[in-house]
$ cat start_37.pdb   # PDB, C-alpha atoms and all ligand atoms
MODEL        1
ATOM      1  CA  MET A   1       8.454 -12.442 -22.510
ATOM      2  CA  ASN A   2       8.504 -10.291 -19.394
ATOM      3  CA  MET A   3       5.361 -10.007 -17.360
ATOM      4  CA  GLU A   4       4.694  -7.388 -14.773
ATOM      5  CA  CYS A   5       2.521  -7.649 -11.713
ATOM      6  CA  PRO A   6      -0.772  -5.814 -12.247
ATOM      7  CA  TYR A   7      -0.752  -4.797  -8.573
ATOM      8  CA  CYS A   8       2.750  -3.520  -7.877
ATOM      9  CA  LYS A   9       4.181  -3.320 -11.433
ATOM     10  CA  GLN A  10       7.218  -5.301 -10.388
ATOM     11  CA  GLU A  11       8.505  -7.818 -12.879
ATOM     12  CA  LEU A  12       7.122 -11.289 -12.265
ATOM     13  CA  GLU A  13       9.467 -14.207 -11.828
ATOM     14  CA  TYR A  14       8.943 -17.234 -14.032
ATOM     15  CA  HIS A  15       7.950 -20.045 -11.719
ATOM     16  CA  ASP A  16       6.743 -23.088 -13.602
ATOM     17  CA  TRP A  17       4.481 -24.252 -16.366
ATOM     18  CA  PHE A  18       1.414 -26.416 -16.334
ATOM     19  CA  TYR A  19       0.038 -29.099 -18.571
ATOM     20  CA  THR A  20      -2.617 -31.672 -19.127
ATOM     21  CA  GLY A  21      -2.188 -35.392 -19.670
ATOM     22  CA  ASN A  22       0.405 -37.841 -18.427
ATOM     23  CA  HIS A  23       3.794 -36.164 -18.069
ATOM     24  CA  ALA A  24       5.623 -39.318 -16.962
ATOM     25  CA  ALA A  25       4.407 -41.221 -20.016
ATOM     26  CA  TYR A  26       5.374 -38.310 -22.236
ATOM     27  CA  GLU A  27       8.916 -38.248 -20.831
ATOM     28  CA  LYS A  28       9.266 -41.922 -21.624
ATOM     29  CA  GLY A  29       8.212 -41.158 -25.184
ATOM     30  CA  TYR A  30       4.913 -42.994 -25.168
ATOM     31  CA  GLU A  31       2.472 -42.055 -27.850
ATOM     32  CA  GLY A  32      -0.954 -41.027 -26.730
ATOM     33  CA  SER A  33       0.049 -39.764 -23.291
ATOM     34  CA  GLY A  34      -2.338 -36.874 -23.882
ATOM     35  CA  PHE A  35       0.423 -34.604 -22.662
ATOM     36  CA  LYS A  36       0.191 -30.996 -23.723
ATOM     37  CA  LYS A  37       1.631 -27.825 -22.282
ATOM     38  CA  LEU A  38      -1.152 -25.419 -21.367
ATOM     39  CA  GLY A  39       0.642 -22.348 -20.087
ATOM     40  CA  ASP A  40       3.111 -20.688 -17.745
ATOM     41  CA  ILE A  41       3.031 -19.755 -14.081
ATOM     42  CA  TYR A  42       4.598 -16.574 -12.697
ATOM     43  CA  LYS A  43       5.101 -15.267  -9.191
ATOM     44  CA  CYS A  44       5.354 -11.794  -7.739
ATOM     45  CA  LYS A  45       8.345 -11.501  -5.410
ATOM     46  CA  ASN A  46       7.051  -8.406  -3.683
ATOM     47  CA  GLU A  47       5.770  -9.516  -0.279
ATOM     48  CA  GLU A  48       3.983  -6.219   0.233
ATOM     49  CA  CYS A  49       1.910  -6.876  -2.825
ATOM     50  CA  ASP A  50      -1.866  -7.222  -2.779
ATOM     51  CA  SER A  51      -1.544 -10.502  -4.674
ATOM     52  CA  GLN A  52      -0.816 -12.184  -1.320
ATOM     53  CA  SER A  53      -4.408 -13.409  -1.181
ATOM     54  CA  PHE A  54      -3.739 -15.765  -4.086
ATOM     55  CA  ASN A  55      -0.203 -16.696  -3.100
ATOM     56  CA  TYR A  56       1.427 -14.110  -5.436
ATOM     57  CA  SER A  57       0.701 -16.374  -8.349
ATOM     58  CA  PHE A  58      -0.345 -15.517 -11.875
ATOM     59  CA  TYR A  59      -0.608 -17.560 -15.003
ATOM     60  CA  THR A  60      -1.069 -17.285 -18.718
ATOM     61  CA  ARG A  61      -2.455 -19.808 -21.162
ATOM     62  CA  LEU A  62      -0.605 -20.575 -24.372
ATOM     63  CA  ASN A  63      -3.465 -19.477 -26.583
ATOM     64  CA  ASP A  64      -3.785 -16.033 -25.036
ATOM     65  CA  ASP A  65      -1.369 -13.755 -23.229
ATOM     66  CA  GLU A  66      -3.841 -12.462 -20.713
ATOM     67  CA  LEU A  67      -2.390 -12.624 -17.212
ATOM     68  CA  LYS A  68      -4.764 -14.318 -14.791
ATOM     69  CA  GLU A  69      -4.676 -14.331 -11.006
ATOM     70  CA  GLY A  70      -3.969 -17.335  -8.881
ATOM     71  CA  TYR A  71      -2.940 -20.845  -9.724
ATOM     72  CA  PRO A  72      -4.356 -22.697 -12.725
ATOM     73  CA  CYS A  73      -6.583 -25.661 -11.981
TER
HETATM   74 ZN    ZN B   1       2.998  -7.672  -7.151
ENDMDL
END

$ encode --input "start_37.pdb" --output "structure tokens" --more "lines below"
Ligand SMILES: [Zn+2]
Amino acid sequence: MNMECPYCKQELEYHDWFYTGNHAAYEKGYEGSGFKKLGDIYKCKNEECDSQSFNYSFYTRLNDDELKEGYPC
């Protein structure tokens, strides 16, 4: 799915995804690592963009497609 920057309307670049739980344990196939993907992180590549104040980052959560500003925590 393509996302566009709400500030400059430029297409956002897919950057990373974020999760909860123990990723290392999950990769080793352990049960009960609590690992779960929570959403995706996007970045605006336009350096003139007003999103500079939050490092050009946006994210969405898996259960809703609303684009949020900044980095998930
Ligand atoms: Zn932008």

$ closest_residue --input "start_37.pdb" --among "A:Tyr71, A:Phe54, A:Tyr7, A:Phe35" --to "ligand ZN 1 (chain B)" --atoms "only C-alpha atoms and all ligand atoms"
A:Tyr7

$ resolve_selection --input "start_37.pdb" --expression "the PyMOL selection byres (((not hetatm)) within 6 of (chain B and resi 1))" --output "list in words"
Cys5, Tyr7, Cys8, Gln10, Cys44, Asn46, Cys49 and Ser51 of chain A

$ write_last_selection --input "start_37.pdb" --atoms "C-alpha atoms" --output "compact mmCIF listing (two decimals), in the coordinates of the input"
# COMPACT_ATOMS: atom_id res chain seq x y z
CA CYS A 5 2.52 -7.65 -11.71
CA TYR A 7 -0.75 -4.80 -8.57
CA CYS A 8 2.75 -3.52 -7.88
CA GLN A 10 7.22 -5.30 -10.39
CA CYS A 44 5.35 -11.79 -7.74
CA ASN A 46 7.05 -8.41 -3.68
CA CYS A 49 1.91 -6.88 -2.82
CA SER A 51 -1.54 -10.50 -4.67

$ closest_residue --input "start_37.pdb" --among "A:Lys9, A:His15, A:His23, A:Lys43" --to "Gly70 (chain A)" --atoms "all atoms listed in the file"
A:Lys43

$ closest_residue --input "start_37.pdb" --among "A:Ala24, A:Leu67, A:Leu38, A:Leu62" --to "Leu12 (chain A)" --atoms "all atoms listed in the file"
A:Leu67

$ atom_distance --input "start_37.pdb" --atom1 "CA of Thr20 (chain A)" --atom2 "CA of Glu69 (chain A)"
19.3 Å

$ closest_residue --input "start_37.pdb" --among "A:Glu47, A:Lys68, A:Asp40, A:Ser57" --to "Tyr19 (chain A)" --atoms "all atoms listed in the file"
A:Asp40

$ atom_distance --input "start_37.pdb" --atom1 "CA of Asn22 (chain A)" --atom2 "CA of Asn2 (chain A)"
28.7 Å

$ build_atoms --input "start_37.pdb" --residues "region 31-51 of chain A" --atoms "N, CA and C atoms" --output "compact mmCIF listing (two decimals), keeping the file's coordinate frame"
# COMPACT_ATOMS: atom_id res chain seq x y z
N GLU A 31 3.50 -42.73 -27.04
CA GLU A 31 2.47 -42.06 -27.85
C GLU A 31 1.17 -42.04 -27.05
N GLY A 32 0.38 -41.05 -27.32
CA GLY A 32 -0.95 -41.03 -26.73
C GLY A 32 -0.98 -40.76 -25.24
N SER A 33 0.05 -40.10 -24.72
CA SER A 33 0.05 -39.76 -23.29
C SER A 33 -0.96 -38.65 -23.01
N GLY A 34 -1.41 -37.99 -24.07
CA GLY A 34 -2.34 -36.87 -23.88
C GLY A 34 -1.64 -35.64 -23.34
N PHE A 35 -0.32 -35.71 -23.24
CA PHE A 35 0.42 -34.60 -22.66
C PHE A 35 0.45 -33.38 -23.58
N LYS A 36 0.17 -32.24 -22.96
CA LYS A 36 0.19 -31.00 -23.72
C LYS A 36 0.44 -29.84 -22.76
N LYS A 37 1.39 -29.00 -23.12
CA LYS A 37 1.63 -27.82 -22.28
C LYS A 37 0.47 -26.85 -22.43
N LEU A 38 -0.01 -26.33 -21.31
CA LEU A 38 -1.15 -25.42 -21.37
C LEU A 38 -0.78 -23.96 -21.11
N GLY A 39 0.30 -23.75 -20.37
CA GLY A 39 0.64 -22.35 -20.09
C GLY A 39 1.76 -22.23 -19.07
N ASP A 40 2.01 -21.00 -18.65
CA ASP A 40 3.11 -20.69 -17.74
C ASP A 40 2.61 -20.06 -16.46
N ILE A 41 3.38 -20.29 -15.39
CA ILE A 41 3.03 -19.76 -14.08
C ILE A 41 4.11 -18.76 -13.66
N TYR A 42 3.69 -17.63 -13.14
CA TYR A 42 4.60 -16.57 -12.70
C TYR A 42 4.29 -16.22 -11.26
N LYS A 43 5.32 -15.69 -10.57
CA LYS A 43 5.10 -15.27 -9.19
C LYS A 43 5.61 -13.86 -8.99
N CYS A 44 4.91 -13.11 -8.15
CA CYS A 44 5.35 -11.79 -7.74
C CYS A 44 6.23 -11.96 -6.50
N LYS A 45 7.42 -11.35 -6.53
CA LYS A 45 8.35 -11.50 -5.41
C LYS A 45 8.18 -10.41 -4.36
N ASN A 46 7.26 -9.51 -4.60
CA ASN A 46 7.05 -8.41 -3.68
C ASN A 46 6.09 -8.83 -2.57
N GLU A 47 6.61 -8.99 -1.37
CA GLU A 47 5.77 -9.52 -0.28
C GLU A 47 4.78 -8.49 0.25
N GLU A 48 4.94 -7.25 -0.16
CA GLU A 48 3.98 -6.22 0.23
C GLU A 48 2.78 -6.19 -0.71
N CYS A 49 2.87 -6.98 -1.72
CA CYS A 49 1.91 -6.88 -2.82
C CYS A 49 0.53 -7.39 -2.45
N ASP A 50 -0.49 -6.80 -3.03
CA ASP A 50 -1.87 -7.22 -2.78
C ASP A 50 -2.18 -8.60 -3.33
N SER A 51 -1.29 -9.17 -4.12
CA SER A 51 -1.54 -10.50 -4.67
C SER A 51 -1.32 -11.59 -3.63
